[in-house]
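So this one's coords.csv, CSV, C-alpha atoms and all ligand atoms:
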chain,number,residue,atom,x,y,z
E,1,MET,CA,104.3,101.2,125.3
E,2,SER,CA,106.2,100.1,128.3
E,3,GLU,CA,109.4,98.3,127.5
E,4,THR,CA,109.0,95.3,129.7
E,5,LEU,CA,106.1,93.0,129.4
E,6,PRO,CA,104.5,92.0,132.7
E,7,ILE,CA,104.5,88.2,132.7
E,8,LEU,CA,102.5,86.8,135.6
E,9,LYS,CA,103.4,83.3,136.9
E,10,ILE,CA,100.8,81.2,138.7
E,11,GLY,CA,102.1,77.8,139.5
E,12,ASP,CA,103.7,76.5,136.3
E,13,THR,CA,101.5,78.7,134.1
E,14,LEU,CA,102.5,82.0,132.6
E,15,LEU,CA,99.9,84.7,131.9
E,16,VAL,CA,100.6,87.6,129.7
E,17,ALA,CA,98.2,90.3,128.4
E,18,LEU,CA,99.0,92.1,125.2
E,19,GLN,CA,97.7,95.7,125.2
E,20,GLY,CA,97.3,98.7,123.1
E,21,ASP,CA,98.5,99.5,119.6
E,22,LEU,CA,101.7,97.5,119.3
E,23,ASP,CA,104.3,98.3,116.7
E,24,ASP,CA,106.3,95.5,115.1
E,25,ALA,CA,109.3,96.0,117.3
E,26,ALA,CA,107.2,95.7,120.4
E,27,VAL,CA,105.5,92.5,119.0
E,28,VAL,CA,108.9,90.9,118.3
E,29,ARG,CA,110.2,92.0,121.8
E,30,ILE,CA,107.2,90.3,123.4
E,31,GLU,CA,107.8,87.2,121.4
E,32,GLU,CA,111.4,87.0,122.7
E,33,GLN,CA,110.6,87.8,126.3
E,34,LEU,CA,107.8,85.3,126.5
E,35,THR,CA,109.8,82.5,124.9
E,36,GLN,CA,112.8,83.2,127.2
E,37,GLU,CA,110.5,83.2,130.2
E,38,VAL,CA,108.9,79.9,129.3
E,39,ALA,CA,112.4,78.3,129.1
E,40,ARG,CA,113.7,80.1,132.2
E,41,VAL,CA,110.9,79.0,134.6
E,42,HIS,CA,110.1,75.7,132.8
E,43,ALA,CA,106.5,76.8,132.3
E,44,ALA,CA,104.1,74.0,131.4
E,45,GLY,CA,101.3,76.3,130.1
E,46,VAL,CA,101.0,79.8,128.7
E,47,LEU,CA,97.9,82.0,128.5
E,48,ILE,CA,98.1,84.9,126.1
E,49,ASP,CA,95.3,87.4,126.5
E,50,VAL,CA,94.9,89.6,123.4
E,51,SER,CA,91.7,91.3,124.4
E,52,GLY,CA,93.6,94.5,124.9
E,53,LEU,CA,94.8,94.6,121.3
E,54,THR,CA,92.9,97.0,119.2
E,55,VAL,CA,94.1,95.6,115.9
E,56,VAL,CA,95.6,92.2,115.0
E,57,ASP,CA,96.9,92.4,111.4
E,58,SER,CA,98.6,89.7,109.5
E,59,PHE,CA,102.0,90.4,111.0
E,60,ILE,CA,100.8,90.3,114.6
E,61,ALA,CA,98.8,87.1,113.8
E,62,ARG,CA,101.9,85.5,112.3
E,63,VAL,CA,104.1,86.3,115.3
E,64,LEU,CA,101.4,85.0,117.6
E,65,ALA,CA,101.3,81.7,115.6
E,66,ARG,CA,105.1,81.6,115.7
E,67,VAL,CA,105.4,82.2,119.4
E,68,VAL,CA,102.9,79.4,120.0
E,69,ALA,CA,104.9,77.1,117.9
E,70,MET,CA,108.1,78.0,119.7
E,71,ILE,CA,106.5,77.5,123.1
E,72,ARG,CA,105.3,74.1,121.9
E,73,LEU,CA,108.9,73.2,121.0
E,74,LEU,CA,109.8,74.1,124.6
E,75,GLY,CA,107.3,71.5,125.8
E,76,ALA,CA,104.6,73.9,126.9
E,77,GLN,CA,101.0,74.5,125.8
E,78,THR,CA,99.6,77.9,124.8
E,79,VAL,CA,96.0,79.1,124.7
E,80,VAL,CA,95.2,82.5,123.2
E,81,VAL,CA,92.2,84.2,124.9
E,82,GLY,CA,90.2,87.3,124.3
E,83,ILE,CA,90.1,87.5,120.5
E,84,SER,CA,87.2,90.0,120.1
E,85,PRO,CA,84.4,89.3,117.6
E,86,ALA,CA,85.6,92.3,115.5
E,87,VAL,CA,89.2,90.9,115.4
E,88,ALA,CA,88.0,87.4,114.7
E,89,ILE,CA,85.8,88.5,111.8
E,90,THR,CA,88.6,90.6,110.4
E,91,LEU,CA,91.2,87.8,110.6
E,92,VAL,CA,88.9,85.4,108.9
E,93,GLU,CA,88.1,87.8,106.1
E,94,LEU,CA,91.7,88.8,105.8
E,95,GLY,CA,92.5,85.1,105.4
E,96,VAL,CA,95.1,84.7,108.1
E,97,PRO,CA,95.3,81.0,109.0
E,98,MET,CA,94.7,80.9,112.7
E,99,GLY,CA,92.8,77.6,112.9
E,100,HIS,CA,95.6,75.7,114.5
E,101,LEU,CA,95.7,78.0,117.6
E,102,ASP,CA,94.0,76.8,120.7
E,103,THR,CA,91.7,79.6,121.7
E,104,ALA,CA,89.2,80.3,124.4
E,105,LEU,CA,86.8,83.2,125.1
E,106,ASN,CA,88.3,84.4,128.3
E,107,ALA,CA,91.0,83.7,130.8
E,108,GLU,CA,88.9,81.4,132.9
E,109,GLN,CA,87.9,79.2,130.0
E,110,GLY,CA,91.5,79.5,128.7
E,111,LEU,CA,92.9,78.1,132.0
E,112,ALA,CA,90.4,75.2,131.8
E,113,LEU,CA,91.4,74.5,128.2
E,114,LEU,CA,95.1,74.6,129.3
E,115,ARG,CA,94.4,72.0,131.9
E,116,ARG,CA,92.7,69.7,129.4
E,117,LEU,CA,95.5,70.2,126.9
E,118,ARG,CA,98.1,69.3,129.5
E,119,ALA,CA,96.2,66.3,130.7
E,120,ALA,CA,96.0,65.1,127.2
E,121,ALA,CA,99.7,65.8,126.6
E,122,ASP,CA,100.5,64.0,129.9
E,123,HIS,CA,98.7,60.9,128.7
E,124,GLY,CA,100.9,60.8,125.7
E,125,SER,CA,98.2,61.4,123.1
E,126,ASP,CA,98.9,64.2,120.7
E,127,ARG,CA,95.4,65.4,120.5
R,1,MET,CA,78.0,114.2,115.4
R,2,THR,CA,77.3,117.9,115.8
R,3,ALA,CA,76.0,119.4,112.5
R,4,GLY,CA,78.3,122.1,111.2
R,5,LEU,CA,81.3,120.8,113.0
R,6,ALA,CA,84.3,121.5,110.8
R,7,HIS,CA,85.8,118.4,109.3
R,8,PRO,CA,89.5,118.4,108.8
R,9,ALA,CA,89.2,117.8,105.1
R,10,VAL,CA,92.2,115.6,104.6
R,11,ARG,CA,94.7,114.2,107.0
R,12,THR,CA,98.0,112.8,105.7
R,13,VAL,CA,100.4,110.4,107.3
R,14,GLU,CA,103.9,110.0,105.9
R,15,ILE,CA,104.9,106.4,105.8
R,16,ALA,CA,108.6,105.7,106.2
R,17,THR,CA,109.2,103.4,109.1
R,18,GLU,CA,107.3,100.6,110.9
R,19,ALA,CA,106.5,103.1,113.7
R,20,ASP,CA,104.3,104.9,111.1
R,21,LEU,CA,102.0,101.9,111.2
R,22,ILE,CA,100.7,103.2,114.5
R,23,ARG,CA,100.1,106.6,113.1
R,24,VAL,CA,98.3,105.1,110.1
R,25,ARG,CA,96.0,103.1,112.4
R,26,GLN,CA,95.3,106.1,114.6
R,27,ALA,CA,94.4,108.3,111.6
R,28,LEU,CA,92.0,105.6,110.3
R,29,ARG,CA,90.6,105.0,113.7
R,30,ALA,CA,89.9,108.8,114.2
R,31,ALA,CA,88.3,109.0,110.8
R,32,SER,CA,86.2,105.9,111.4
R,33,GLU,CA,84.9,107.4,114.7
R,34,GLN,CA,84.1,110.7,112.9
R,35,ALA,CA,82.2,108.8,110.2
R,36,GLY,CA,80.3,106.8,112.8
R,37,LEU,CA,81.6,103.4,111.6
R,38,GLY,CA,80.9,100.5,114.0
R,39,LEU,CA,83.6,98.6,115.8
R,40,VAL,CA,83.7,95.7,113.2
R,41,ASP,CA,83.9,98.1,110.2
R,42,SER,CA,86.5,100.3,111.7
R,43,THR,CA,88.6,97.3,112.8
R,44,LYS,CA,88.4,96.0,109.2
R,45,LEU,CA,89.4,99.3,107.7
R,46,ILE,CA,92.3,99.8,110.2
R,47,THR,CA,93.5,96.3,109.5
R,48,ALA,CA,93.4,96.8,105.7
R,49,GLY,CA,95.3,100.1,106.2
R,50,SER,CA,97.9,98.2,108.2
R,51,GLU,CA,98.4,95.7,105.4
R,52,LEU,CA,98.6,98.4,102.7
R,53,THR,CA,101.1,100.3,104.8
R,54,ARG,CA,103.2,97.2,105.2
R,55,ASN,CA,103.2,96.8,101.4
R,56,ILE,CA,104.6,100.3,101.0
R,57,LEU,CA,107.2,99.6,103.6
R,58,THR,CA,108.2,96.4,101.9
R,59,TYR,CA,107.8,97.1,98.1
R,60,ALA,CA,108.0,100.9,97.5
R,61,THR,CA,111.3,102.5,96.8
R,62,GLY,CA,112.9,103.3,100.1
R,63,GLY,CA,109.8,102.0,101.9
R,64,ARG,CA,108.2,105.4,101.6
R,65,GLY,CA,104.8,106.6,100.8
R,66,THR,CA,101.8,108.6,102.0
R,67,LEU,CA,98.4,108.0,103.3
R,68,SER,CA,95.6,110.5,102.9
R,69,VAL,CA,92.5,110.0,104.9
R,70,GLU,CA,89.2,111.8,104.3
R,71,GLN,CA,85.6,111.7,105.1
R,72,VAL,CA,83.3,110.8,102.3
R,73,ARG,CA,79.5,111.0,102.0
R,74,ALA,CA,77.2,109.5,99.4
R,75,LEU,CA,73.5,108.5,99.3
R,76,GLY,CA,73.2,109.6,102.9
R,77,ARG,CA,75.9,107.4,104.2
R,78,ASN,CA,79.2,108.5,105.8
R,79,GLY,CA,82.4,106.7,105.1
R,80,VAL,CA,86.1,106.9,105.2
R,81,ARG,CA,88.5,106.9,102.2
R,82,GLY,CA,92.1,106.1,102.6
R,83,THR,CA,94.5,106.7,99.7
R,84,PHE,CA,97.9,104.9,99.9
R,85,THR,CA,100.4,106.4,97.5
R,86,ASP,CA,104.0,105.5,96.8
R,87,SER,CA,106.5,106.2,94.0
R,88,GLY,CA,107.8,102.7,94.0
R,89,PRO,CA,108.3,100.3,91.0
R,90,GLY,CA,104.6,99.6,90.6
R,91,ILE,CA,102.8,96.3,90.4
R,92,PRO,CA,103.3,94.6,87.0
R,93,ASP,CA,100.3,92.3,87.2
R,94,VAL,CA,97.6,93.8,89.4
R,95,ASP,CA,95.2,90.9,88.8
R,96,ALA,CA,97.8,88.5,90.1
R,97,ALA,CA,98.7,90.7,93.0
R,98,LEU,CA,95.0,90.7,94.0
R,99,THR,CA,94.9,86.9,94.1
R,100,ASP,CA,95.3,85.1,97.4
R,101,GLY,CA,98.7,83.6,97.7
R,102,PHE,CA,100.5,85.7,95.1
R,103,SER,CA,103.6,87.2,96.6
R,104,THR,CA,106.9,88.4,95.1
R,105,GLY,CA,108.3,88.8,98.6
R,106,GLY,CA,108.0,85.2,99.7
R,107,SER,CA,105.2,86.0,102.0
R,108,LEU,CA,101.6,84.7,102.3
R,109,GLY,CA,100.3,87.0,99.6
R,110,LEU,CA,97.1,88.0,101.4
R,111,GLY,CA,97.6,91.7,102.1
R,112,LEU,CA,96.0,93.0,98.9
R,113,PRO,CA,93.3,90.4,98.4
R,114,GLY,CA,92.5,90.3,102.1
R,115,SER,CA,92.3,94.1,102.2
R,116,ARG,CA,89.9,94.0,99.3
R,117,ARG,CA,87.6,91.7,101.3
R,118,LEU,CA,87.8,93.9,104.4
R,119,VAL,CA,86.7,97.2,102.7
R,120,ASP,CA,83.7,98.1,100.5
R,121,GLU,CA,85.8,99.5,97.6
R,122,LEU,CA,89.5,98.9,96.7
R,123,THR,CA,91.1,100.2,93.6
R,124,VAL,CA,94.7,100.0,92.4
R,125,ALA,CA,96.3,102.5,90.1
R,126,THR,CA,99.8,101.5,89.3
R,127,SER,CA,102.6,102.3,86.8
R,128,PRO,CA,106.4,101.9,86.8
R,129,SER,CA,106.6,105.2,88.6
R,130,GLY,CA,104.3,104.3,91.5
R,131,THR,CA,101.2,102.8,93.0
R,132,THR,CA,98.1,104.2,94.5
R,133,VAL,CA,95.7,101.9,96.4
R,134,THR,CA,92.4,103.6,97.4
R,135,VAL,CA,90.1,102.0,99.9
R,136,VAL,CA,86.6,103.1,101.1
R,137,LYS,CA,84.6,101.8,104.0
R,138,TRP,CA,81.0,102.9,104.4
R,139,GLY,CA,79.0,103.2,107.5
R,140,ARG,CA,75.8,101.2,107.7
K,201,LIG,N1,102.9,99.3,97.0
K,201,LIG,C1,103.4,98.3,96.2
K,201,LIG,N2,104.4,98.5,95.3
K,201,LIG,C2,104.8,97.5,94.5
K,201,LIG,N3,104.4,96.2,94.6
K,201,LIG,C3,103.4,96.0,95.5
K,201,LIG,C4,102.9,96.9,96.3
K,201,LIG,N4,101.9,96.4,97.1
K,201,LIG,C5,101.9,95.1,96.7
K,201,LIG,N5,102.8,94.8,95.7
K,201,LIG,C6,103.0,93.5,95.0
K,201,LIG,O1,101.8,92.8,95.1
K,201,LIG,C7,102.1,91.5,95.7
K,201,LIG,C8,100.9,91.1,96.6
K,201,LIG,O2,100.8,91.9,97.7
K,201,LIG,P1,100.1,91.3,99.0
K,201,LIG,O3,100.1,92.4,100.1
K,201,LIG,O4,98.8,90.7,98.7
K,201,LIG,O5,101.1,90.1,99.4
K,201,LIG,P2,102.5,90.2,100.1
K,201,LIG,O6,102.8,91.6,100.7
K,201,LIG,O7,103.5,89.6,99.2
K,201,LIG,O8,102.3,89.2,101.3
K,201,LIG,P3,101.6,89.5,102.7
K,201,LIG,O9,100.8,90.8,102.6
K,201,LIG,O10,100.7,88.3,102.9
K,201,LIG,O11,102.7,89.6,103.7
K,201,LIG,C9,103.4,91.7,96.5
K,201,LIG,O12,104.1,90.5,96.7
K,201,LIG,C10,104.1,92.7,95.6
K,201,LIG,O13,104.7,92.1,94.5
K,202,MG,MG,101.4,92.6,101.8

Show me this structure written as structure tokens.
Ligand SMILES: Nc1ncnc2c1ncn2[C@@H]1O[C@H](COP(=O)(O)OP(=O)(O)OP(=O)(O)O)[C@@H](O)[C@H]1O
Ligand SMILES: [Mg+2]
Amino acid sequence: MSETLPILKIGDTLLVALQGDLDDAAVVRIEEQLTQEVARVHAAGVLIDVSGLTVVDSFIARVLARVVAMIRLLGAQTVVVGISPAVAITLVELGVPMGHLDTALNAEQGLALLRRLRAAADHGSDR
Amino acid sequence: MTAGLAHPAVRTVEIATEADLIRVRQALRAASEQAGLGLVDSTKLITAGSELTRNILTYATGGRGTLSVEQVRALGRNGVRGTFTDSGPGIPDVDAALTDGFSTGGSLGLGLPGSRRLVDELTVATSPSGTTVTVVKWGR
């Protein structure tokens, strides 16, 4: 695993792709980097692509949920994209609560969802 | 898939640090491929293995244990068996530990019951001198 996480910035949206078989230290490192980057660039939206992850166990799922909560506290919206059918089935059967995450099939739909979430947030409604 | 190809009978992975989670997943993935498990089944098995490894890291003495992975075959089906062994303090109440939401570690308590849902067979043998959790996933 590379030590630095490539975080792409397009406008006020950050894009990050998680890849490979991540150990816990890597997952926590990514969480910190991403949170810091959101604060540093005042991002309004974050797209996390998990399609490159081979396994999402309860720890990784919990960190994902936690990073989304932290990013929300920083005033930005997060959409998680690319949860594969195998990972989705596994997470549901395992019983990891992920229902509160905003998810989309792929990056394109994820960006569209981000726009809608932000429009809703801008109009002061809390969904 | 070639008939007569030698199977490495048992592969063991020592569990001692979080980095071993990766080795556990790799061993289970390799065995799943060898047994011809589909993507969903192998993902389930690997995820269950990840949870059981975390339990060893958290609850076994010194966070140490061993995984043995082997190919199994019955009624014309191939499968993978993973045996997670530790010499920790054991699980006093297995029925409780297999219930959703039961945790002595202040966690979600879904590792054991969730793993049971993800595999075809899960058995727990435990005593004050250690715990062995055995899981089997069969191909279709
Ligand atoms: N190898 C083990 N040795 C001793 N006790 C164990 C072992 N594995 C599990 N346990 C006990 O069984 C309980 C339930 O385990 P389970 O994995 O379901 O939940 P958890 O580890 O507490 O939480 P989670 O897995 O959701 O993070 C644990 O809290 C612990 O008391
Ligand atoms: Mg557990």

Inset, instruction - Name the closest residue to ligand LIG 201 (chain K) among the candidates R:Leu75, R:Leu67, R:Val119, R:Ile56; distances are taken between atoms, counting all atoms listed in the file. - result: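 Of R:Leu75, R:Leu67, R:Val119, R:Ile56, the one nearest ligand LIG 201 (chain K) is R:Ile56, counting all atoms listed in the file.
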
Inset, instruction - Using all atoms listed in the file, pick whichever of E:Lys9, E:Leu94, E:Thr54, E:Val67 has the shortest atom-to-atom distance to ligand MG 202 (chain K). - result: E:Leu94

Legend entry - Residues of chain E within 6 Å of chain R, counting only C-alpha atoms, as a list of chain:residue names: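 Interface list for chain E against chain R: E:Asp57, E:Ala86, E:Thr90, E:Leu94.
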
Legend entry - Selection as a ChimeraX atom specification: residues within 8 Å of ligand LIG 201 (chain K) by all atoms listed in the file: /E:58-59 /R:51-52,54-60,85-86,88-92,94,96-114,130-133

Legend entry - CA of Glu108 in chain E to CA of Ala65 in chain E, straight-line distance in Å: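 Rounded to one decimal, the two atoms are 21.3 Å apart.
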
Inset, instruction - Just give me the gap between CA of Val81 in chain E and CA of Arg40 in chain E in Å, one decimal is fine. - result: 23.1 Å

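Residues in contact with Leu117 in chain E at 12 Å, where only C-alpha atoms are counted and same-chain residues fewer than 3 positions away are skipped, are listed as Ala44, Gly45, Val46, Arg72, Gly75, Ala76, Gln77, Thr78, Val79, Asp102, Thr103, Gly110, Leu111, Ala112, Leu113, Leu114, Ala120, Ala121, Asp122, His123, Gly124, Ser125, Asp126 and Arg127 of chain E.
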
Legend entry - Residue with smallest distance to ligand MG 202 (chain K) - pool R:Thr53, R:Arg140, R:Ser129, R:Gln71, counting only C-alpha atoms and all ligand atoms: R:Thr53

Inset, instruction - Could you jot down the CA of Val80 in chain E to CA of Leu64 in chain E separation for me, Å, one decimal place? - result: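 Taking CA of Val80 in chain E as the start and CA of Leu64 in chain E as the end point, the length is 8.7 Å.
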
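Using only C-alpha atoms and all ligand atoms, the shortest contact distance between ligand MG 202 (chain K) and any of E:Val68, E:Thr35, E:Leu101, E:Val96 is found at E:Val96.
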
Legend entry - Test item: residues at most 7 Å from range 8-15 of chain R, all atoms listed in the file, excluding those fewer than 5 positions along its chain, as number ranges by chain: R: 20, 23-24, 64-70
